[in-house]
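Novice: You'll find protein_7.txt just under this line, and it carries compact mmCIF, C-alpha atoms and all ligand atoms.
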```txt
# COMPACT_ATOMS: atom_id res chain seq x y z
CA MET A 18 102.82 76.22 99.64
CA TYR A 19 105.73 78.59 99.52
CA VAL A 20 104.45 81.38 101.76
CA GLU A 21 101.84 80.95 104.41
CA LEU A 22 100.29 83.08 107.12
CA ARG A 23 98.21 81.21 109.70
CA GLN A 24 95.79 83.08 111.92
CA VAL A 25 97.97 86.11 112.31
CA ASP A 26 96.80 88.88 114.67
CA LYS A 27 98.49 92.20 115.22
CA ALA A 28 97.23 95.12 117.29
CA PHE A 29 98.79 98.56 117.57
CA LYS A 30 97.79 100.16 120.86
CA GLY A 31 94.59 98.17 120.97
CA TYR A 32 93.73 98.76 117.29
CA LYS A 33 93.50 95.49 115.38
CA ALA A 34 95.56 96.09 112.25
CA LEU A 35 95.51 92.37 111.37
CA ASP A 36 92.63 90.19 112.46
CA ASP A 37 92.98 86.44 111.99
CA VAL A 38 94.81 86.72 108.69
CA SER A 39 95.45 83.41 106.91
CA PHE A 40 96.49 82.85 103.31
CA SER A 41 99.01 80.89 101.33
CA ILE A 42 100.85 81.47 98.09
CA GLU A 43 102.38 79.00 95.69
CA LYS A 44 105.98 79.23 94.58
CA GLY A 45 106.61 81.51 91.61
CA LYS A 46 103.27 83.31 91.77
CA LEU A 47 102.80 87.06 91.53
CA VAL A 48 100.10 88.00 94.01
CA GLY A 49 98.37 91.35 94.42
CA LEU A 50 97.27 92.56 97.85
CA LEU A 51 94.38 94.87 97.18
CA GLY A 52 92.52 96.99 99.71
CA PRO A 53 91.69 100.53 100.79
CA SER A 54 94.00 102.78 102.77
CA GLY A 55 94.54 101.58 106.33
CA SER A 56 93.28 98.06 105.61
CA GLY A 57 96.52 96.40 106.72
CA LYS A 58 98.37 95.77 103.45
CA THR A 59 101.70 97.22 104.53
CA THR A 60 101.40 95.51 107.90
CA ILE A 61 101.01 92.14 106.15
CA LEU A 62 104.17 92.73 104.12
CA ARG A 63 106.10 93.94 107.15
CA THR A 64 104.98 90.91 109.12
CA LEU A 65 106.22 88.61 106.37
CA ALA A 66 109.50 90.49 106.20
CA GLY A 67 110.06 90.29 109.96
CA LEU A 68 109.74 94.05 110.52
CA VAL A 69 106.51 93.62 112.50
CA HIS A 70 106.05 90.84 115.04
CA PRO A 71 102.59 89.30 115.21
CA ASP A 72 100.79 89.02 118.56
CA SER A 73 99.76 85.51 117.60
CA GLY A 74 99.77 83.22 114.58
CA ASP A 75 102.49 81.67 112.44
CA ILE A 76 104.46 82.63 109.36
CA TYR A 77 105.93 80.00 107.08
CA ILE A 78 108.32 80.54 104.21
CA ASP A 79 109.39 77.55 102.15
CA GLY A 80 108.10 75.12 104.76
CA GLN A 81 109.98 76.75 107.64
CA ARG A 82 108.31 78.62 110.50
CA VAL A 83 110.07 81.98 110.48
CA ASN A 84 108.44 83.80 113.42
CA ASP A 85 111.76 83.83 115.25
CA VAL A 86 113.98 84.33 112.22
CA PRO A 87 115.29 87.92 112.02
CA ALA A 88 114.41 90.07 109.00
CA SER A 89 117.92 89.94 107.57
CA LYS A 90 117.86 86.12 107.49
CA ARG A 91 114.49 85.64 105.79
CA GLY A 92 115.80 85.96 102.21
CA ILE A 93 113.27 88.64 101.35
CA GLY A 94 113.63 91.63 99.04
CA PHE A 95 111.48 94.62 100.00
CA VAL A 96 110.53 97.57 97.85
CA PHE A 97 109.09 100.17 100.21
CA GLN A 98 106.02 102.30 99.66
CA ASN A 99 108.10 105.48 99.11
CA TYR A 100 111.19 103.89 97.43
CA ALA A 101 113.34 104.80 100.46
CA LEU A 102 116.44 105.22 98.32
CA PHE A 103 119.54 106.43 100.12
CA ARG A 104 119.74 110.07 99.07
CA TYR A 105 123.50 110.46 99.39
CA MET A 106 124.33 107.28 97.50
CA THR A 107 124.60 106.88 93.74
CA VAL A 108 122.41 104.48 91.79
CA PHE A 109 125.29 102.00 91.83
CA ASP A 110 125.74 102.22 95.61
CA ASN A 111 122.02 102.01 96.25
CA ILE A 112 121.75 98.80 94.26
CA ALA A 113 124.95 97.44 95.83
CA PHE A 114 123.77 98.20 99.37
CA GLY A 115 122.61 94.72 100.41
CA LEU A 116 125.69 93.09 98.92
CA THR A 117 128.00 95.54 100.68
CA VAL A 118 126.30 94.75 103.98
CA GLU A 119 126.89 91.07 103.26
CA LYS A 120 130.58 91.95 102.66
CA LYS A 121 130.70 90.43 99.18
CA ASP A 122 133.91 91.12 97.28
CA LYS A 123 134.16 94.15 95.03
CA ALA A 124 134.39 92.33 91.70
CA PHE A 125 131.33 90.25 92.54
CA ILE A 126 129.38 93.36 93.53
CA ARG A 127 130.34 95.20 90.35
CA GLU A 128 129.24 92.33 88.17
CA ARG A 129 125.95 91.80 89.99
CA VAL A 130 125.08 95.50 89.99
CA ASN A 131 125.84 95.83 86.28
CA GLN A 132 123.69 92.81 85.58
CA LEU A 133 120.80 94.40 87.50
CA VAL A 134 121.31 97.77 85.85
CA ASP A 135 120.85 96.00 82.52
CA LEU A 136 117.83 94.09 83.79
CA VAL A 137 116.00 97.22 84.92
CA GLY A 138 117.17 99.37 82.01
CA LEU A 139 119.22 101.98 83.86
CA GLN A 140 122.37 101.75 81.74
CA GLY A 141 124.48 104.91 81.94
CA LEU A 142 122.80 106.18 85.12
CA GLN A 143 124.97 104.31 87.65
CA SER A 144 126.65 107.41 89.04
CA ARG A 145 123.56 109.59 89.35
CA TYR A 146 121.99 110.45 92.69
CA PRO A 147 118.30 109.83 93.45
CA HIS A 148 117.34 113.51 93.02
CA GLN A 149 118.63 113.32 89.44
CA LEU A 150 116.20 110.54 88.52
CA SER A 151 112.56 110.47 87.44
CA GLY A 152 109.96 108.65 89.56
CA GLY A 153 109.98 105.64 87.24
CA GLN A 154 113.79 105.47 87.33
CA LYS A 155 113.84 105.66 91.13
CA GLN A 156 111.34 102.85 91.20
CA ARG A 157 113.64 100.74 89.05
CA VAL A 158 116.57 101.43 91.37
CA ALA A 159 114.46 100.35 94.36
CA PHE A 160 113.50 97.20 92.47
CA ALA A 161 117.11 96.41 91.52
CA ARG A 162 118.26 97.04 95.09
CA ALA A 163 115.68 94.59 96.43
CA LEU A 164 116.74 91.96 93.88
CA ALA A 165 120.48 92.33 94.41
CA PRO A 166 120.93 89.77 97.21
CA ASN A 167 118.91 87.20 95.21
CA PRO A 168 115.86 87.02 97.46
CA HIS A 169 113.49 84.04 97.39
CA LEU A 170 110.53 86.26 98.04
CA LEU A 171 109.98 89.77 96.76
CA LEU A 172 107.62 92.18 98.52
CA LEU A 173 106.63 95.39 96.75
CA ASP A 174 104.61 97.99 98.61
CA GLU A 175 102.67 100.15 96.15
CA PRO A 176 105.55 100.13 93.71
CA PHE A 177 103.82 102.51 91.31
CA ALA A 178 102.04 104.86 93.67
CA ALA A 179 104.10 107.96 92.94
CA ILE A 180 104.27 107.52 89.18
CA ASP A 181 102.02 109.16 86.62
CA ALA A 182 99.35 107.14 84.85
CA LYS A 183 100.98 106.43 81.50
CA ILE A 184 104.42 105.42 82.75
CA ARG A 185 102.73 103.47 85.49
CA LYS A 186 101.00 101.30 82.91
CA GLU A 187 104.26 100.61 81.10
CA LEU A 188 106.10 99.91 84.34
CA ARG A 189 103.56 97.43 85.59
CA LEU A 190 103.77 95.38 82.40
CA TRP A 191 107.52 95.55 82.61
CA LEU A 192 107.40 94.45 86.25
CA ARG A 193 105.15 91.54 85.41
CA GLU A 194 107.43 90.33 82.63
CA THR A 195 110.59 90.80 84.66
CA ILE A 196 109.23 88.97 87.67
CA SER A 197 107.88 86.08 85.64
CA SER A 198 111.17 85.72 83.77
CA LEU A 199 113.00 85.56 87.11
CA GLY A 200 110.40 83.14 88.48
CA ILE A 201 110.55 84.79 91.90
CA THR A 202 107.55 84.53 94.24
CA SER A 203 106.29 88.08 94.69
CA ILE A 204 103.60 89.98 96.52
CA PHE A 205 102.77 93.52 95.57
CA VAL A 206 100.44 95.93 97.26
CA THR A 207 98.10 98.24 95.46
CA HIS A 208 94.83 100.01 96.06
CA ASP A 209 94.22 100.24 92.34
CA GLN A 210 91.99 97.39 91.20
CA ASP A 211 92.93 97.74 87.51
CA GLU A 212 96.55 97.37 88.43
CA ALA A 213 95.85 94.28 90.51
CA VAL A 214 93.75 92.67 87.78
CA GLU A 215 96.30 93.41 85.09
CA VAL A 216 99.45 92.38 86.92
CA ALA A 217 98.59 89.63 89.37
CA ASP A 218 98.12 85.88 88.93
CA GLU A 219 96.04 85.98 92.08
CA ILE A 220 94.47 88.69 94.16
CA ILE A 221 93.98 88.87 97.90
CA ILE A 222 91.40 91.45 98.96
CA VAL A 223 92.06 92.99 102.36
CA ASN A 224 89.56 95.04 104.32
CA ARG A 225 89.87 96.27 107.91
CA GLY A 226 92.66 93.88 108.73
CA ARG A 227 90.84 90.82 107.40
CA ILE A 228 91.11 88.81 104.20
CA GLU A 229 87.86 89.17 102.26
CA GLN A 230 88.69 86.90 99.36
CA LYS A 231 91.57 85.28 97.53
CA GLY A 232 91.46 84.02 93.99
CA ASN A 233 92.21 84.81 90.39
CA PRO A 234 90.80 88.13 89.20
CA ALA A 235 88.14 86.60 86.94
CA ASP A 236 86.76 84.34 89.68
CA ILE A 237 86.52 87.17 92.16
CA TYR A 238 84.74 89.23 89.56
CA LYS A 239 82.25 86.48 88.71
CA GLU A 240 81.75 85.15 92.19
CA PRO A 241 82.52 87.68 94.87
CA SER A 242 82.25 85.96 98.21
CA THR A 243 81.67 89.08 100.28
CA PRO A 244 79.80 92.36 99.70
CA PHE A 245 83.07 94.22 99.93
CA ALA A 246 84.66 92.10 97.20
CA ALA A 247 81.59 92.60 95.00
CA GLN A 248 81.98 96.35 95.22
CA PHE A 249 85.72 96.47 95.12
CA ILE A 250 86.39 94.66 91.86
CA GLY A 251 84.92 96.11 88.70
CA GLU A 252 82.93 99.24 87.99
CA SER A 253 79.89 98.99 90.18
CA SER A 254 77.01 101.04 91.52
CA VAL A 255 75.33 100.42 94.84
CA LEU A 256 71.53 100.46 94.76
CA ALA A 257 69.73 101.41 97.91
CA HIS A 258 66.26 100.02 97.21
CA TYR A 259 66.47 97.22 94.67
CA ARG A 260 63.07 95.71 95.57
CA THR A 261 61.20 98.44 93.75
CA LEU A 262 62.86 97.38 90.48
CA LYS A 263 60.92 95.19 88.07
CA GLY A 264 61.91 91.56 88.33
CA PHE A 265 63.49 91.92 91.78
CA GLU A 266 60.36 92.45 93.89
CA SER A 267 60.34 88.98 95.37
CA TYR A 268 63.92 88.77 96.69
CA GLU A 269 64.03 89.10 100.43
CA GLY A 270 66.50 89.15 103.24
CA TYR A 271 69.04 91.49 101.66
CA ASP A 272 69.48 95.18 102.35
CA ASN A 273 71.46 96.37 99.38
CA ALA A 274 72.39 95.55 95.83
CA VAL A 275 75.41 96.07 93.59
CA ILE A 276 75.11 96.30 89.84
CA ARG A 277 77.73 96.28 87.10
CA PRO A 278 77.61 97.81 83.64
CA GLU A 279 77.57 94.50 81.79
CA LEU A 280 74.41 93.46 83.65
CA ILE A 281 72.41 96.36 82.24
CA GLN A 282 71.06 97.04 78.78
CA ILE A 283 70.14 100.62 77.97
CA ALA A 284 67.89 101.13 74.94
CA LYS A 285 66.00 103.95 73.30
CA LEU A 286 62.39 104.07 74.47
CA GLY A 287 60.26 101.68 72.44
CA LYS A 288 63.33 99.72 71.28
CA GLN A 289 63.53 97.43 74.29
CA PRO A 290 62.41 93.88 73.48
CA TYR A 291 61.88 93.00 77.15
CA ALA A 292 59.79 96.04 78.05
CA HIS A 293 57.78 94.14 80.69
CA ALA A 294 61.01 93.47 82.59
CA SER A 295 62.51 96.92 82.10
CA GLU A 296 62.52 100.22 83.95
CA GLU A 297 62.20 103.65 82.52
CA GLY A 298 65.10 105.98 83.27
CA THR A 299 66.65 109.27 82.25
CA VAL A 300 70.09 109.69 80.77
CA GLU A 301 72.27 111.82 83.05
CA ASP A 302 75.66 111.66 81.38
CA VAL A 303 77.26 110.15 78.32
CA PHE A 304 81.02 109.53 78.12
CA PHE A 305 82.93 108.44 75.06
CA ARG A 306 85.40 105.74 76.10
CA GLY A 307 86.84 104.73 72.75
CA SER A 308 85.51 101.26 72.02
CA LEU A 309 82.38 101.85 74.11
CA ILE A 310 80.05 104.57 75.30
CA GLU A 311 79.49 104.83 79.04
CA VAL A 312 75.98 105.96 79.89
CA HIS A 313 74.82 107.07 83.34
CA VAL A 314 71.10 106.79 83.87
CA ASN A 315 68.80 107.72 86.70
CA VAL A 316 66.28 105.00 87.56
CA GLN A 317 63.97 105.74 90.47
CA GLY A 318 66.52 108.14 91.88
CA MET A 319 69.35 105.59 91.65
CA ARG A 320 72.33 106.06 89.36
CA LEU A 321 73.18 103.10 87.12
CA ILE A 322 76.10 102.86 84.74
CA GLY A 323 75.81 100.92 81.50
CA TYR A 324 77.73 100.55 78.25
CA ARG A 325 76.57 100.89 74.68
CA SER A 326 78.38 100.33 71.45
CA PRO A 327 79.43 103.38 69.41
CA GLU A 328 77.56 101.64 66.54
CA GLU A 329 74.21 102.14 68.28
CA ALA A 330 72.12 105.30 68.01
CA ALA A 331 73.54 108.06 70.22
CA LEU A 332 71.82 108.97 73.49
CA ALA A 333 71.71 112.48 74.88
CA PRO A 334 71.54 113.73 78.48
CA GLY A 335 67.91 114.25 79.54
CA GLU A 336 66.62 111.60 77.14
CA PRO A 337 64.19 109.01 78.55
CA VAL A 338 65.42 105.44 78.03
CA SER A 339 64.46 101.89 78.80
CA VAL A 340 66.78 100.08 81.19
CA LEU A 341 66.83 96.31 81.43
CA ILE A 342 68.59 94.91 84.48
CA TYR A 343 69.48 91.25 83.97
CA ARG A 344 71.05 90.56 87.35
CA LEU A 345 72.04 92.11 90.63
CA TYR A 346 74.38 91.11 93.41
CA LEU A 347 72.34 91.33 96.60
CA TYR A 348 74.13 91.69 99.87
CA ASN A 349 73.99 92.16 103.60
CA GLU A 350 76.81 92.85 106.03
CA ASP A 351 78.02 89.29 105.73
CA LYS A 352 76.58 87.60 102.64
CA VAL A 353 76.19 88.09 98.94
CA ARG A 354 74.12 86.35 96.25
CA LEU A 355 73.35 86.72 92.61
CA ALA A 356 69.72 87.52 91.75
CA GLU A 357 68.23 87.10 88.27
CA ASN A 358 65.51 89.37 86.92
CA ALA A 359 62.49 87.15 87.63
CA ARG A 360 60.43 88.66 84.83
CA LEU A 361 62.93 87.44 82.25
CA LYS A 362 62.20 83.90 83.37
CA ASP A 363 58.42 84.15 82.94
CA GLU A 364 57.06 81.49 80.63
CA ASN A 365 55.13 84.02 78.64
CA THR A 366 58.23 86.02 77.78
CA VAL A 367 58.31 86.62 74.07
CA PHE A 368 61.82 86.53 72.73
CA ILE A 369 62.25 88.69 69.70
N1 LIG A 401 103.57 101.18 113.73
C1 LIG A 401 102.27 101.46 113.87
N2 LIG A 401 101.78 102.00 114.99
C2 LIG A 401 100.46 102.24 115.15
N3 LIG A 401 99.53 101.98 114.22
C3 LIG A 401 99.95 101.45 113.07
C4 LIG A 401 101.33 101.15 112.82
N4 LIG A 401 101.43 100.61 111.58
C5 LIG A 401 100.18 100.58 111.08
N5 LIG A 401 99.28 101.07 111.96
C6 LIG A 401 97.83 101.15 111.76
O1 LIG A 401 97.37 99.90 111.28
C7 LIG A 401 96.41 100.07 110.24
C8 LIG A 401 96.88 99.38 108.98
O2 LIG A 401 98.00 100.09 108.48
P1 LIG A 401 98.74 99.69 107.13
O3 LIG A 401 99.91 100.61 107.00
O4 LIG A 401 99.02 98.24 107.14
O5 LIG A 401 97.62 100.02 106.04
P2 LIG A 401 97.71 99.98 104.45
O6 LIG A 401 96.64 99.05 103.99
O7 LIG A 401 99.10 99.71 104.02
O8 LIG A 401 97.28 101.48 104.05
P3 LIG A 401 97.82 102.44 102.88
O9 LIG A 401 97.11 102.01 101.62
O10 LIG A 401 97.36 103.80 103.30
O11 LIG A 401 99.30 102.32 102.79
C9 LIG A 401 96.23 101.57 110.10
O12 LIG A 401 95.09 101.95 110.84
C10 LIG A 401 97.48 102.16 110.69
O13 LIG A 401 97.24 103.44 111.23
MG MG A 402 100.52 100.83 103.02
```
For the file at hand, write its structure as structure tokens.

Specialist:
Amino acid sequence: MYVELRQVDKAFKGYKALDDVSFSIEKGKLVGLLGPSGSGKTTILRTLAGLVHPDSGDIYIDGQRVNDVPASKRGIGFVFQNYALFRYMTVFDNIAFGLTVEKKDKAFIRERVNQLVDLVGLQGLQSRYPHQLSGGQKQRVAFARALAPNPHLLLLDEPFAAIDAKIRKELRLWLRETISSLGITSIFVTHDQDEAVEVADEIIIVNRGRIEQKGNPADIYKEPSTPFAAQFIGESSVLAHYRTLKGFESYEGYDNAVIRPELIQIAKLGKQPYAHASEEGTVEDVFFRGSLIEVHVNVQGMRLIGYRSPEEAALAPGEPVSVLIYRLYLYNEDKVRLAENARLKDENTVFI
């Protein structure tokens, strides 16, 4: 393992920002740290970088315990949450900063900075100041500056937070390609699940200073190991009283349920082949999403979201529909399980 945190705790004035955090990352991987605001994402990065000292626990980088190694000697590049570019320095000087501190010679610095300017696509902007750059360009400068001293580990704290949606999408693909071509082990923080799923090889879900789950995006989606992970990845609705739904009456011991659009089939009344296993609902909203239609329905006072194909007959708000729920994720504070619609398993089900 290239990077490892073992049972790391960190409290700020009695508040546990990190609570028994352990995870490891293989060399060359791009890992996304995903979690809500205040969950401890930045604190994890700062702990790795040596900017925060844990109360207990160990940090290993490349097999070496680095708890007592100062930040400047850890070989880490850090892109901060708000870029933190030096306002009175040009693009060139910003990127050169780490190399200047290391007292590299001028010719070396010029060559390295030019190389990075090419890599991040900022040709011709070397002598501009940060206020003369767009958000995306500033982000690239911050990225180049972090890469300049050739770090072994790159930490990016919400690298796209301040950038508008379209450019953000382009930048994250660019970042993914650039990082994988450099082969540098990287961790980036986001609270945007789409971004994490799209960019990362692996995701670590953080909640209230604890690791909820680590794995590749598809596995977390299919098998969430905690209620929080089940709700956090994917479009999901929380159902308050699942036991009144047909097919789920006999499940016990769980307080709540989470449902996802692909586990629901919404049909016109009378067109549902599994009527005995279906609920009646009312369409609340219909949204055109290009390749699919997103339909919000009210079933027993609960809002469910499902998808239909644009090829199917259109549904209108207020229309009564039949809603088949195949599966639910049931959960309590501490456990989650998948529940099948029991009525679909009945022997006398007639498949049409
Ligand atoms: N230096 C500090 N002093 C006191 N409390 C702190 C300090 N740094 C972080 N905290 C607290 O620790 C918790 C975790 O903070 P952290 O910055 O790691 O969250 P985050 O997941 O990065 O959130 P965000 O998405 O908003 O950036 C928060 O409750 C925060 O207020
Ligand atoms: Mg943060």

Novice: Let me have all residues with an atom within 12 Å of ligand LIG 401 (chain A), counting all atoms listed in the file, laid out as a PDB file with C-alpha atoms, in the coordinates of the input.

Specialist:
```
ATOM      1  CA  ASP A  26      96.800  88.880 114.670  1.00  0.00           C
ATOM      2  CA  LYS A  27      98.490  92.200 115.220  1.00  0.00           C
ATOM      3  CA  ALA A  28      97.230  95.120 117.290  1.00  0.00           C
ATOM      4  CA  PHE A  29      98.790  98.560 117.570  1.00  0.00           C
ATOM      5  CA  LYS A  30      97.790 100.160 120.860  1.00  0.00           C
ATOM      6  CA  GLY A  31      94.590  98.170 120.970  1.00  0.00           C
ATOM      7  CA  TYR A  32      93.730  98.760 117.290  1.00  0.00           C
ATOM      8  CA  LYS A  33      93.500  95.490 115.380  1.00  0.00           C
ATOM      9  CA  ALA A  34      95.560  96.090 112.250  1.00  0.00           C
ATOM     10  CA  LEU A  35      95.510  92.370 111.370  1.00  0.00           C
ATOM     11  CA  ASP A  36      92.630  90.190 112.460  1.00  0.00           C
ATOM     12  CA  LEU A  50      97.270  92.560  97.850  1.00  0.00           C
ATOM     13  CA  LEU A  51      94.380  94.870  97.180  1.00  0.00           C
ATOM     14  CA  GLY A  52      92.520  96.990  99.710  1.00  0.00           C
ATOM     15  CA  PRO A  53      91.690 100.530 100.790  1.00  0.00           C
ATOM     16  CA  SER A  54      94.000 102.780 102.770  1.00  0.00           C
ATOM     17  CA  GLY A  55      94.540 101.580 106.330  1.00  0.00           C
ATOM     18  CA  SER A  56      93.280  98.060 105.610  1.00  0.00           C
ATOM     19  CA  GLY A  57      96.520  96.400 106.720  1.00  0.00           C
ATOM     20  CA  LYS A  58      98.370  95.770 103.450  1.00  0.00           C
ATOM     21  CA  THR A  59     101.700  97.220 104.530  1.00  0.00           C
ATOM     22  CA  THR A  60     101.400  95.510 107.900  1.00  0.00           C
ATOM     23  CA  ILE A  61     101.010  92.140 106.150  1.00  0.00           C
ATOM     24  CA  LEU A  62     104.170  92.730 104.120  1.00  0.00           C
ATOM     25  CA  ARG A  63     106.100  93.940 107.150  1.00  0.00           C
ATOM     26  CA  THR A  64     104.980  90.910 109.120  1.00  0.00           C
ATOM     27  CA  LEU A  68     109.740  94.050 110.520  1.00  0.00           C
ATOM     28  CA  VAL A  69     106.510  93.620 112.500  1.00  0.00           C
ATOM     29  CA  HIS A  70     106.050  90.840 115.040  1.00  0.00           C
ATOM     30  CA  PRO A  71     102.590  89.300 115.210  1.00  0.00           C
ATOM     31  CA  PHE A  97     109.090 100.170 100.210  1.00  0.00           C
ATOM     32  CA  GLN A  98     106.020 102.300  99.660  1.00  0.00           C
ATOM     33  CA  ASN A  99     108.100 105.480  99.110  1.00  0.00           C
ATOM     34  CA  LEU A 173     106.630  95.390  96.750  1.00  0.00           C
ATOM     35  CA  ASP A 174     104.610  97.990  98.610  1.00  0.00           C
ATOM     36  CA  GLU A 175     102.670 100.150  96.150  1.00  0.00           C
ATOM     37  CA  PRO A 176     105.550 100.130  93.710  1.00  0.00           C
ATOM     38  CA  ALA A 178     102.040 104.860  93.670  1.00  0.00           C
ATOM     39  CA  PHE A 205     102.770  93.520  95.570  1.00  0.00           C
ATOM     40  CA  VAL A 206     100.440  95.930  97.260  1.00  0.00           C
ATOM     41  CA  THR A 207      98.100  98.240  95.460  1.00  0.00           C
ATOM     42  CA  HIS A 208      94.830 100.010  96.060  1.00  0.00           C
ATOM     43  CA  ASP A 209      94.220 100.240  92.340  1.00  0.00           C
ATOM     44  CA  ILE A 222      91.400  91.450  98.960  1.00  0.00           C
ATOM     45  CA  VAL A 223      92.060  92.990 102.360  1.00  0.00           C
ATOM     46  CA  ASN A 224      89.560  95.040 104.320  1.00  0.00           C
ATOM     47  CA  ARG A 225      89.870  96.270 107.910  1.00  0.00           C
ATOM     48  CA  GLY A 226      92.660  93.880 108.730  1.00  0.00           C
ATOM     49  CA  ARG A 227      90.840  90.820 107.400  1.00  0.00           C
ATOM     50  CA  ILE A 228      91.110  88.810 104.200  1.00  0.00           C
TER      51      ILE A 228
END
```

Novice: Show which residues sit within 10 Å of A:Ala101, as a list in words. Count all atoms listed in the file, and ignore same-chain residues fewer than 3 positions away.

Specialist: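 My reading of the contact set: Val96, Phe97, Gln98, Arg104, Pro147, Lys155, Gln156 and Ala159 of chain A.
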
Novice: Could you name the residues that touch A:Leu332 at 8 Å or less, counting all atoms listed in the file, but leaving out those on the same chain fewer than 2 positions away, as a ChimeraX atom specification?

Specialist: /A:285,300,303,330,334,336

Novice: Name all residues at most 10 Å from A:Pro241 (count all atoms listed in the file; drop same-chain ones fewer than 3 positions away) and give them as number ranges by chain.

Specialist: A: 229-232, 235-238, 244-250, 346, 352-355

Novice: Using all atoms listed in the file, which protein or nucleic acid residues come within 12 Å of A:Gln132? Drop anything in the same chain fewer than 4 positions from it, and give the result as a list in words.

Specialist: Phe109, Ile112, Ala113, Phe125, Ile126, Arg127, Glu128, Leu136, Val137, Gly138, Leu139, Gln140, Gln143, Ala161, Arg162, Leu164 and Ala165 of chain A

Novice: To one decimal place in Å, what is the distance between atom CA of A:Lys288 and atom CA of A:Arg306?

Specialist: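 Result for atom CA of A:Lys288 versus atom CA of A:Arg306: 23.4 Å, one decimal.
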
Novice: With a distance cut-off of 9 Å and only C-alpha atoms, select the neighbouring residues of A:Gly45, excluding the residue or stretch itself and same-chain residues fewer than 6 positions from it, and output the selection as number ranges by chain.

Specialist: A: 19, 170, 196-197, 199-203

Novice: Which is closest to A:Gln154 among A:Leu133, A:Ala292, A:Leu188, A:Leu172, if we use all atoms listed in the file?

Specialist: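 Of A:Leu133, A:Ala292, A:Leu188, A:Leu172, the one nearest A:Gln154, counting all atoms listed in the file, is A:Leu188.
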
Novice: Any chance you could tabulate, as CSV, the residues of stretch 301-343 of chain A at most 12 Å from stretch 256-265 of chain A with each one's nearest atom pair and distance in Å to one decimal, using only C-alpha atoms, in chain and rising number order?

Specialist:
```
residue,atom,partner,partner_atom,distance
A:Asn315,CA,A:Leu256,CA,11.2
A:Val316,CA,A:Leu262,CA,8.8
A:Gln317,CA,A:Leu262,CA,8.4
A:Gly318,CA,A:Ala257,CA,9.6
A:Met319,CA,A:Leu256,CA,6.4
A:Arg320,CA,A:Leu256,CA,7.8
A:Leu321,CA,A:Leu256,CA,8.2
A:Ile322,CA,A:Leu256,CA,11.3
A:Ser339,CA,A:Lys263,CA,12.0
A:Val340,CA,A:Lys263,CA,10.3
A:Leu341,CA,A:Lys263,CA,9.0
A:Ile342,CA,A:Gly264,CA,8.4
A:Tyr343,CA,A:Gly264,CA,8.7
```
